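Chemist: Dropping in structure_8.cif, with mmCIF, C-alpha atoms.
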```
data_input
#
loop_
_atom_site.label_atom_id
_atom_site.label_comp_id
_atom_site.auth_asym_id
_atom_site.auth_seq_id
_atom_site.Cartn_x
_atom_site.Cartn_y
_atom_site.Cartn_z
CA MET A 5 88.96 -113.82 -38.74
CA GLU A 6 88.64 -111.22 -41.33
CA ARG A 7 89.51 -110.74 -44.91
CA ILE A 8 89.57 -107.76 -47.21
CA ALA A 9 89.55 -107.74 -50.97
CA LEU A 10 89.56 -104.98 -53.54
CA LEU A 11 88.25 -105.75 -56.96
CA SER A 12 88.18 -103.57 -59.99
CA PRO A 13 86.48 -103.76 -63.35
CA VAL A 14 88.73 -102.88 -66.21
CA CYS A 15 87.30 -100.79 -69.03
CA SER A 16 87.94 -103.58 -71.49
CA PRO A 17 85.47 -105.19 -73.87
CA HIS A 18 85.15 -108.08 -71.49
CA LEU A 19 84.61 -105.97 -68.39
CA GLN A 20 86.42 -108.42 -66.18
CA ASN A 21 86.60 -108.13 -62.45
CA TYR A 22 89.95 -108.97 -61.07
CA PRO A 23 91.42 -108.37 -57.66
CA LEU A 24 93.71 -105.43 -57.12
CA TYR A 25 94.41 -106.40 -53.55
CA ILE A 26 93.52 -109.31 -51.31
CA ARG A 27 94.43 -109.67 -47.70
CA SER A 28 93.26 -112.09 -45.07
CA VAL A 29 93.97 -112.85 -41.47
CA PRO A 30 94.60 -115.72 -40.81
CA THR A 31 95.77 -117.11 -44.11
CA GLU A 32 94.36 -120.59 -44.25
CA ASN A 33 91.41 -121.43 -46.50
CA GLU A 34 92.47 -118.77 -49.01
CA LEU A 35 90.83 -120.57 -51.91
CA LYS A 36 87.46 -120.72 -50.21
CA PHE A 37 87.75 -117.04 -49.44
CA HIS A 38 88.59 -116.18 -53.07
CA TYR A 39 85.52 -118.12 -54.12
CA THR A 40 83.30 -116.30 -51.62
CA VAL A 41 84.55 -112.96 -52.86
CA HIS A 42 83.90 -113.83 -56.50
CA THR A 43 80.38 -115.02 -55.86
CA SER A 44 79.61 -111.90 -53.89
CA LEU A 45 80.47 -109.86 -57.00
CA ASP A 46 77.23 -111.01 -58.56
CA VAL A 47 75.33 -109.65 -55.60
CA VAL A 48 77.20 -106.36 -55.90
CA ASP A 49 76.31 -106.05 -59.57
CA GLU A 50 72.72 -106.88 -58.77
CA LYS A 51 72.54 -104.17 -56.15
CA ILE A 52 74.07 -101.56 -58.44
CA SER A 53 71.69 -102.26 -61.30
CA ALA A 54 68.73 -102.41 -58.92
CA MET A 55 69.58 -98.92 -57.73
CA GLY A 56 68.98 -97.49 -61.16
CA LYS A 57 65.52 -98.95 -61.51
CA ALA A 58 63.97 -98.99 -58.06
CA LEU A 59 63.31 -95.62 -56.51
CA VAL A 60 65.75 -96.39 -53.77
CA ASP A 61 66.97 -93.36 -51.93
CA GLN A 62 70.20 -95.19 -51.43
CA ARG A 63 72.63 -93.17 -53.44
CA GLU A 64 75.30 -94.00 -50.95
CA LEU A 65 78.46 -95.80 -51.86
CA TYR A 66 78.13 -98.31 -49.04
CA LEU A 67 76.14 -101.38 -50.04
CA GLY A 68 75.72 -103.00 -46.67
CA LEU A 69 75.43 -106.68 -45.94
CA LEU A 70 75.54 -108.52 -49.23
CA TYR A 71 74.57 -111.92 -47.98
CA PRO A 72 75.15 -113.98 -44.89
CA THR A 73 76.34 -117.55 -45.21
CA GLU A 74 76.57 -119.83 -42.23
CA ASP A 75 80.25 -119.07 -41.75
CA TYR A 76 80.69 -115.54 -43.02
CA LYS A 77 79.05 -112.22 -43.50
CA VAL A 78 79.99 -110.33 -46.63
CA TYR A 79 79.89 -106.54 -46.91
CA GLY A 80 80.24 -104.50 -50.06
CA TYR A 81 81.10 -100.96 -51.10
CA VAL A 82 81.39 -99.56 -54.59
CA THR A 83 83.05 -96.26 -55.42
CA ASN A 84 81.93 -93.90 -58.16
CA SER A 85 84.88 -95.10 -60.17
CA LYS A 86 83.48 -98.63 -60.16
CA VAL A 87 86.05 -100.07 -57.79
CA LYS A 88 84.50 -102.66 -55.53
CA PHE A 89 85.56 -103.33 -51.99
CA VAL A 90 84.48 -106.59 -50.44
CA MET A 91 84.91 -107.45 -46.78
CA VAL A 92 84.33 -110.92 -45.39
CA VAL A 93 83.85 -111.21 -41.67
CA ASP A 94 83.41 -114.26 -39.51
CA SER A 95 79.82 -114.74 -38.42
CA SER A 96 80.91 -115.32 -34.87
CA ASN A 97 82.22 -111.78 -34.74
CA THR A 98 78.98 -110.14 -33.64
CA ALA A 99 80.71 -107.24 -31.95
CA LEU A 100 81.27 -105.53 -35.29
CA ARG A 101 78.61 -102.88 -35.83
CA ASP A 102 77.39 -101.40 -39.08
CA ASN A 103 78.94 -97.98 -38.60
CA GLU A 104 82.28 -99.59 -37.78
CA ILE A 105 82.15 -101.41 -41.08
CA ARG A 106 81.24 -98.15 -42.80
CA SER A 107 84.19 -96.36 -41.28
CA MET A 108 86.51 -99.19 -42.33
CA PHE A 109 85.32 -98.89 -45.91
CA ARG A 110 85.80 -95.13 -45.65
CA LYS A 111 89.40 -95.64 -44.62
CA LEU A 112 89.94 -98.11 -47.46
CA HIS A 113 88.48 -95.63 -49.92
CA ASN A 114 90.66 -92.80 -48.63
CA SER A 115 93.78 -94.93 -48.91
CA TYR A 116 92.80 -96.06 -52.39
CA THR A 117 92.38 -92.43 -53.43
CA ASP A 118 95.86 -91.69 -52.15
CA ILE A 119 97.25 -94.57 -54.18
CA MET A 120 95.52 -93.26 -57.31
CA CYS A 121 97.27 -89.94 -56.86
CA ASN A 122 100.66 -91.63 -56.71
CA PRO A 123 102.27 -90.92 -60.08
CA PHE A 124 104.13 -94.22 -60.00
CA TYR A 125 100.94 -96.21 -59.76
CA ASN A 126 99.26 -97.19 -63.04
CA PRO A 127 95.52 -97.56 -62.62
CA GLY A 128 94.65 -101.23 -63.02
CA ASP A 129 97.88 -102.61 -61.57
CA CYS A 130 97.93 -104.67 -58.43
CA ILE A 131 98.47 -102.61 -55.32
CA HIS A 132 101.90 -102.94 -53.77
CA SER A 133 101.90 -99.94 -51.48
CA ARG A 134 103.40 -100.24 -48.01
CA ALA A 135 101.25 -97.43 -46.66
CA PHE A 136 98.17 -99.25 -47.85
CA ASP A 137 99.37 -102.53 -46.31
CA ASN A 138 100.01 -100.81 -42.99
CA MET A 139 96.60 -99.21 -42.99
CA VAL A 140 94.90 -102.53 -43.72
CA THR A 141 96.95 -104.32 -41.05
CA SER A 142 96.08 -101.77 -38.38
CA MET A 143 92.44 -101.96 -39.36
CA MET A 144 92.32 -105.73 -39.15
CA MET A 145 94.22 -105.78 -35.87
CA GLN A 146 91.56 -103.53 -34.40
CA VAL A 147 88.89 -105.98 -35.32
CA CYS A 148 90.42 -109.38 -34.63
CA MET B 13 89.23 -63.55 -53.18
CA THR B 14 91.88 -64.30 -50.61
CA ARG B 15 95.57 -64.21 -51.40
CA VAL B 16 95.91 -67.96 -50.95
CA GLU B 17 93.28 -68.63 -53.63
CA MET B 18 94.96 -66.34 -56.12
CA ALA B 19 98.33 -68.00 -55.70
CA ASP B 20 96.65 -71.36 -56.22
CA GLU B 21 95.34 -70.42 -59.65
CA ALA B 22 98.46 -68.70 -60.88
CA LEU B 23 100.55 -71.75 -59.99
CA PHE B 24 98.63 -74.13 -62.19
CA LEU B 25 98.39 -71.62 -65.01
CA LEU B 26 102.11 -70.92 -65.07
CA LEU B 27 103.01 -74.59 -64.68
CA HIS B 28 100.72 -75.52 -67.53
CA ASN B 29 102.16 -72.87 -69.84
CA GLU B 30 105.70 -73.98 -69.02
CA MET B 31 104.71 -77.61 -69.65
CA VAL B 32 103.46 -76.79 -73.13
CA ALA B 33 106.47 -74.62 -73.93
CA GLY B 34 108.92 -77.12 -72.44
CA LEU B 35 107.56 -80.09 -74.35
CA HIS B 36 107.66 -78.22 -77.63
CA ARG B 37 111.18 -76.96 -76.99
CA ALA B 38 112.43 -80.46 -76.33
CA ALA B 39 110.94 -81.74 -79.55
CA GLU B 40 112.56 -81.13 -82.93
CA GLN B 41 111.03 -79.06 -85.64
CA GLY B 42 108.51 -80.70 -87.91
CA GLU B 43 104.85 -81.41 -88.17
CA ALA B 44 105.06 -84.96 -86.77
CA GLU B 45 106.73 -83.78 -83.58
CA ASN B 46 104.02 -81.21 -83.06
CA GLY B 47 101.37 -83.91 -83.10
CA ARG B 48 103.40 -86.06 -80.72
CA CYS B 49 103.72 -83.24 -78.22
CA ILE B 50 99.99 -82.71 -78.22
CA THR B 51 99.49 -86.45 -77.64
CA LYS B 52 101.93 -86.37 -74.73
CA LEU B 53 100.10 -83.43 -73.18
CA GLU B 54 96.78 -85.20 -73.62
CA ASN B 55 98.10 -88.35 -71.99
CA MET B 56 99.42 -86.33 -69.04
CA GLY B 57 96.00 -84.79 -68.66
CA PHE B 58 94.47 -88.27 -68.81
CA ARG B 59 96.45 -89.60 -65.86
CA VAL B 60 95.86 -86.45 -63.84
CA GLY B 61 92.16 -86.62 -64.62
CA GLN B 62 91.99 -90.18 -63.33
CA GLY B 63 93.53 -89.27 -60.00
CA LEU B 64 91.55 -86.05 -59.65
CA ILE B 65 88.20 -87.68 -60.26
CA GLU B 66 88.95 -90.32 -57.65
CA ARG B 67 89.48 -87.56 -55.12
CA PHE B 68 86.49 -85.48 -56.14
CA THR B 69 83.97 -88.30 -56.23
CA LYS B 70 85.06 -89.75 -52.92
CA ASP B 71 82.25 -88.11 -50.99
CA THR B 72 79.62 -87.54 -53.63
CA ALA B 73 76.56 -89.70 -54.05
CA ARG B 74 76.42 -92.33 -56.76
CA PHE B 75 75.73 -91.02 -60.27
CA LYS B 76 72.40 -91.91 -61.83
CA ASP B 77 73.34 -91.92 -65.49
CA GLU B 78 75.61 -90.50 -68.15
CA LEU B 79 73.99 -87.09 -68.15
CA ASP B 80 74.45 -86.88 -64.39
CA ILE B 81 78.15 -87.54 -64.85
CA MET B 82 78.47 -84.88 -67.56
CA LYS B 83 76.71 -82.36 -65.35
CA PHE B 84 79.13 -83.19 -62.57
CA ILE B 85 82.06 -82.55 -64.92
CA CYS B 86 80.55 -79.23 -66.00
CA LYS B 87 79.79 -77.98 -62.53
CA ASP B 88 81.80 -79.44 -59.65
CA PHE B 89 84.82 -80.70 -61.57
CA TRP B 90 85.25 -77.54 -63.66
CA THR B 91 84.75 -75.33 -60.60
CA THR B 92 87.36 -77.17 -58.60
CA VAL B 93 89.95 -77.07 -61.35
CA PHE B 94 89.19 -73.79 -63.10
CA LYS B 95 87.21 -71.90 -60.44
CA LYS B 96 84.19 -71.49 -62.69
CA GLN B 97 81.52 -73.65 -64.28
CA ILE B 98 81.06 -74.58 -67.89
CA ASP B 99 78.82 -71.95 -69.46
CA ASN B 100 76.84 -74.18 -71.77
CA LEU B 101 76.31 -77.92 -72.12
CA ARG B 102 74.63 -79.31 -75.20
CA THR B 103 73.92 -82.88 -76.14
CA ASN B 104 72.23 -84.80 -78.89
CA HIS B 105 71.25 -87.48 -76.36
CA GLN B 106 73.10 -90.01 -78.44
CA GLY B 107 76.50 -89.82 -76.85
CA ILE B 108 77.80 -86.45 -78.06
CA TYR B 109 78.22 -83.60 -75.61
CA VAL B 110 79.54 -80.12 -76.28
CA LEU B 111 80.91 -78.18 -73.33
CA GLN B 112 81.27 -74.50 -73.96
CA ASP B 113 83.43 -72.29 -71.83
CA ASN B 114 83.20 -68.62 -72.79
CA LYS B 115 86.18 -67.55 -70.77
CA PHE B 116 88.51 -70.51 -70.53
CA ARG B 117 90.98 -69.87 -67.73
CA LEU B 118 94.00 -71.22 -69.55
CA LEU B 119 93.43 -68.93 -72.53
CA THR B 120 92.37 -65.62 -70.95
CA GLN B 121 95.97 -64.47 -70.50
CA MET B 122 96.79 -65.21 -74.10
CA SER B 123 94.51 -63.10 -76.21
CA ALA B 124 90.99 -61.72 -76.47
CA GLY B 125 90.32 -62.35 -80.11
CA LYS B 126 91.92 -64.02 -83.07
CA GLN B 127 95.54 -63.38 -82.21
CA TYR B 128 97.61 -66.54 -81.55
CA LEU B 129 94.68 -68.70 -82.66
CA GLU B 130 96.98 -71.25 -84.31
CA HIS B 131 98.72 -71.90 -80.99
CA ALA B 132 95.55 -72.49 -79.02
CA PRO B 133 95.25 -76.28 -79.61
CA LYS B 134 98.50 -76.88 -77.73
CA TYR B 135 97.01 -75.25 -74.66
CA LEU B 136 93.82 -77.25 -74.83
CA ALA B 137 95.37 -80.72 -75.12
CA PHE B 138 95.99 -81.16 -71.40
CA THR B 139 92.41 -80.23 -70.55
CA CYS B 140 91.04 -82.63 -73.17
CA GLY B 141 93.03 -85.37 -71.48
CA LEU B 142 91.75 -84.22 -68.11
CA ILE B 143 88.15 -84.71 -69.20
CA ARG B 144 88.89 -88.03 -70.89
CA GLY B 145 90.75 -89.34 -67.83
CA GLY B 146 87.99 -88.27 -65.48
CA LEU B 147 85.32 -89.93 -67.60
CA SER B 148 87.35 -93.09 -68.04
CA ASN B 149 87.62 -93.60 -64.31
CA LEU B 150 83.87 -93.16 -64.01
CA GLY B 151 83.43 -95.99 -66.46
CA ILE B 152 82.91 -93.98 -69.65
CA LYS B 153 85.16 -94.41 -72.64
CA SER B 154 85.27 -91.29 -74.77
CA ILE B 155 87.11 -89.16 -77.26
CA VAL B 156 87.54 -85.51 -76.35
CA THR B 157 88.45 -82.79 -78.82
CA ALA B 158 88.53 -79.04 -78.51
CA GLU B 159 88.07 -76.15 -80.85
CA VAL B 160 88.57 -72.43 -80.56
CA SER B 161 87.20 -69.79 -82.89
CA VAL B 162 87.53 -66.65 -80.80
CA MET B 163 89.66 -66.63 -77.69
CA PRO B 164 89.15 -67.05 -74.79
CA ALA B 165 85.97 -68.95 -75.60
CA CYS B 166 86.36 -72.61 -76.51
CA LYS B 167 84.31 -75.75 -76.97
CA PHE B 168 85.13 -79.26 -75.83
CA GLN B 169 83.42 -82.02 -77.71
CA VAL B 170 82.99 -85.35 -75.93
CA MET B 171 82.10 -88.42 -77.99
CA ILE B 172 81.06 -91.36 -75.86
CA GLN B 173 82.28 -94.70 -77.18
CA LYS B 174 79.88 -97.55 -76.77
CA MET B 175 81.76 -100.53 -75.40
#
```
Produce structure tokens that represent the structure in this file.

Modeler:
Amino acid sequence: MERIALLSPVCSPHLQNYPLYIRSVPTENELKFHYTVHTSLDVVDEKISAMGKALVDQRELYLGLLYPTEDYKVYGYVTNSKVKFVMVVDSSNTALRDNEIRSMFRKLHNSYTDIMCNPFYNPGDCIHSRAFDNMVTSMMMQVC
Amino acid sequence: MTRVEMADEALFLLLHNEMVAGLHRAAEQGEAENGRCITKLENMGFRVGQGLIERFTKDTARFKDELDIMKFICKDFWTTVFKKQIDNLRTNHQGIYVLQDNKFRLLTQMSAGKQYLEHAPKYLAFTCGLIRGGLSNLGIKSIVTAEVSVMPACKFQVMIQKM
């Protein structure tokens, strides 16, 4: 069971985070998943602000395991343009290694970059690209 | 410089010049239209800047602070778009940055002094938008203006807006 969400802060006075794209396989328990993703945003923000202060060498974009709950593991990734990717994976799926997760985020980032360069896409809109959907589907099929 | 690189540069230069000329041709005569064309060019630059910065920062490390971002714009970003770096970056450490380019690529073909000075702003609008779009996608809201006193040198002034 695996779910992928893309969240983005808008440069508005309220600096809201809202999802640009959410996808999950299978599709039950969507609400619980939305909730998990939103709570993990706090952890993401914490990690980003901690990076400025602590002398962490981690100037990477990949944030790693955000927090494990008893059912899920949540991974995060933030781009330089402040777009956050959150991936929720079933805890029972122990076959998924760290570098596999990294490469999945890499693919997501590459596809997101391609979408940005599409002149018909307005930054901040929800993502309705078929190419992106196909990429996410193939990625999730590999894992599940 | 290989042939492929040279063609690359000329393409953007010529396209940009045509863009400016085309937009002004389509507009009617009058001062108001002139301002509107410049705004259109700036907005085009904004959208392009957003997409470009997404591509360029895909593999770079996370930026430490505002100054880091401005240095990135002056070095890597400027080099990738204009094949050279910004010659001088000044700041008052309170949100105002001045980027000075002594031989701005989009103006070198135009003149080497004061000739055509009144037309220069039209050719700087797109680049102002480029900078503003790039910064906006990195989370910085700004206002970018440009001034020319002697071509082909020009200065871009970036005013960071506190949100």

Chemist: May I ask for the distance between CA of Glu66 in chain B and CA of Tyr39 in chain A, given in Å to one decimal place?

Modeler: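 Taking CA of Glu66 in chain B as the start and CA of Tyr39 in chain A as the end point, the length is 28.2 Å.
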
Chemist: Which polymer residues have any atom within 9 Å of an atom of Leu35 in chain B, counting all atoms listed in the file, with same-chain residues fewer than 6 positions away left out, as a PyMOL selection string?

Modeler: chain B and resi 49-50+52-53

Chemist: I'd like to know which of B:Leu118, B:Ile143, B:Ala158, B:Leu150 is closest to chain A, using all atoms listed in the file.

Modeler: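 Smallest distance to chain A is found for B:Leu150.
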
Chemist: Carefully work through the PyMOL selection byres ((chain A and resi 133) around 12) for this structure and note down the residues it includes, as a list in words.

Modeler: Leu24, Tyr25, Ser115, Tyr116, Asp118, Ile119, Met120, Asn122, Phe124, Tyr125, Asp129, Cys130, Ile131, His132, Arg134, Ala135, Phe136, Asp137, Asn138, Met139 and Val140 of chain A

Chemist: Between B:Gly47, B:Met122, B:Ile98, B:Phe89, single out the one closest to Arg67 in chain B, counting only C-alpha atoms.

Modeler: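 Among the listed residues, B:Phe89 lies closest to Arg67 in chain B.
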
Chemist: Written as a list of chain:residue names, what is the full residue list that the PyMOL selection byres ((chain B) within 7 of (chain A)) yields on the file shown?

Modeler: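 Selected by the PyMOL selection byres ((chain B) within 7 of (chain A)) here: B:Gly63, B:Glu66, B:Arg67, B:Thr69, B:Ala73, B:Arg74, B:Lys76, B:Asn149, B:Leu150, B:Gly151, B:Met175.
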
Chemist: Please determine, counting only C-alpha atoms, which residue among B:Leu27, B:Val170, B:Cys140, B:Leu129 has the shortest atom-to-atom distance to Ser154 in chain B.

Modeler: B:Val170

Chemist: Given the PyMOL selection byres ((chain B and resi 164) around 9) and the file above, list the residues it selects as an mmCIF file with C-alpha atoms, keeping the file's coordinate frame.

Modeler:
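Now in selection_32.cif:
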```
data_model
loop_
_atom_site.group_PDB
_atom_site.id
_atom_site.type_symbol
_atom_site.label_atom_id
_atom_site.label_comp_id
_atom_site.auth_asym_id
_atom_site.auth_seq_id
_atom_site.Cartn_x
_atom_site.Cartn_y
_atom_site.Cartn_z
ATOM 1 C CA ASP B 113 83.430 -72.290 -71.830
ATOM 2 C CA ASN B 114 83.200 -68.620 -72.790
ATOM 3 C CA LYS B 115 86.180 -67.550 -70.770
ATOM 4 C CA PHE B 116 88.510 -70.510 -70.530
ATOM 5 C CA ARG B 117 90.980 -69.870 -67.730
ATOM 6 C CA LEU B 118 94.000 -71.220 -69.550
ATOM 7 C CA LEU B 119 93.430 -68.930 -72.530
ATOM 8 C CA THR B 120 92.370 -65.620 -70.950
ATOM 9 C CA GLN B 121 95.970 -64.470 -70.500
ATOM 10 C CA MET B 122 96.790 -65.210 -74.100
ATOM 11 C CA SER B 123 94.510 -63.100 -76.210
ATOM 12 C CA ALA B 124 90.990 -61.720 -76.470
ATOM 13 C CA GLY B 125 90.320 -62.350 -80.110
ATOM 14 C CA VAL B 160 88.570 -72.430 -80.560
ATOM 15 C CA SER B 161 87.200 -69.790 -82.890
ATOM 16 C CA VAL B 162 87.530 -66.650 -80.800
ATOM 17 C CA MET B 163 89.660 -66.630 -77.690
ATOM 18 C CA ALA B 165 85.970 -68.950 -75.600
ATOM 19 C CA CYS B 166 86.360 -72.610 -76.510
#
```

Chemist: Rank nothing, just name the residue among B:Ile108, B:Ile65, B:Leu142, B:Ala22 nearest to Glu78 in chain B, using all atoms listed in the file.

Modeler: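 So, comparing all the options, the nearest one is B:Ile108.
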
Chemist: What is the CA of Asn100 in chain B to CA of Gly146 in chain B distance in Å?

Modeler: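 Separating CA of Asn100 in chain B from CA of Gly146 in chain B is a distance of 19.0 Å.
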
Chemist: Report the distance between CA of Asp80 in chain B and CA of Phe168 in chain B in Å, rounded to one decimal place.

Modeler: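 Taking CA of Asp80 in chain B as the start and CA of Phe168 in chain B as the end point, the length is 17.4 Å.
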
Chemist: Given only C-alpha atoms as the basis, pick out the residue of B:Lys174, B:Val156, B:Thr139, B:Tyr109 nearest to Phe94 in chain B.

Modeler: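 Nearest candidate to Phe94 in chain B out of B:Lys174, B:Val156, B:Thr139, B:Tyr109: B:Thr139.
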
Chemist: Please identify all polymer residues within 10 Å of Lys95 in chain B, counting all atoms listed in the file, omitting same-chain residues fewer than 4 positions from it, and present them as an MDAnalysis selection string.

Modeler: chainID B and resid 17 21 87:91 117

Chemist: Between B:Lys134, B:Leu101, B:Gly107, B:Arg59, which residue has the minimum interatomic distance to Gln173 in chain B, considering all atoms listed in the file?

Modeler: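 Of B:Lys134, B:Leu101, B:Gly107, B:Arg59, the one nearest Gln173 in chain B is B:Gly107, counting all atoms listed in the file.
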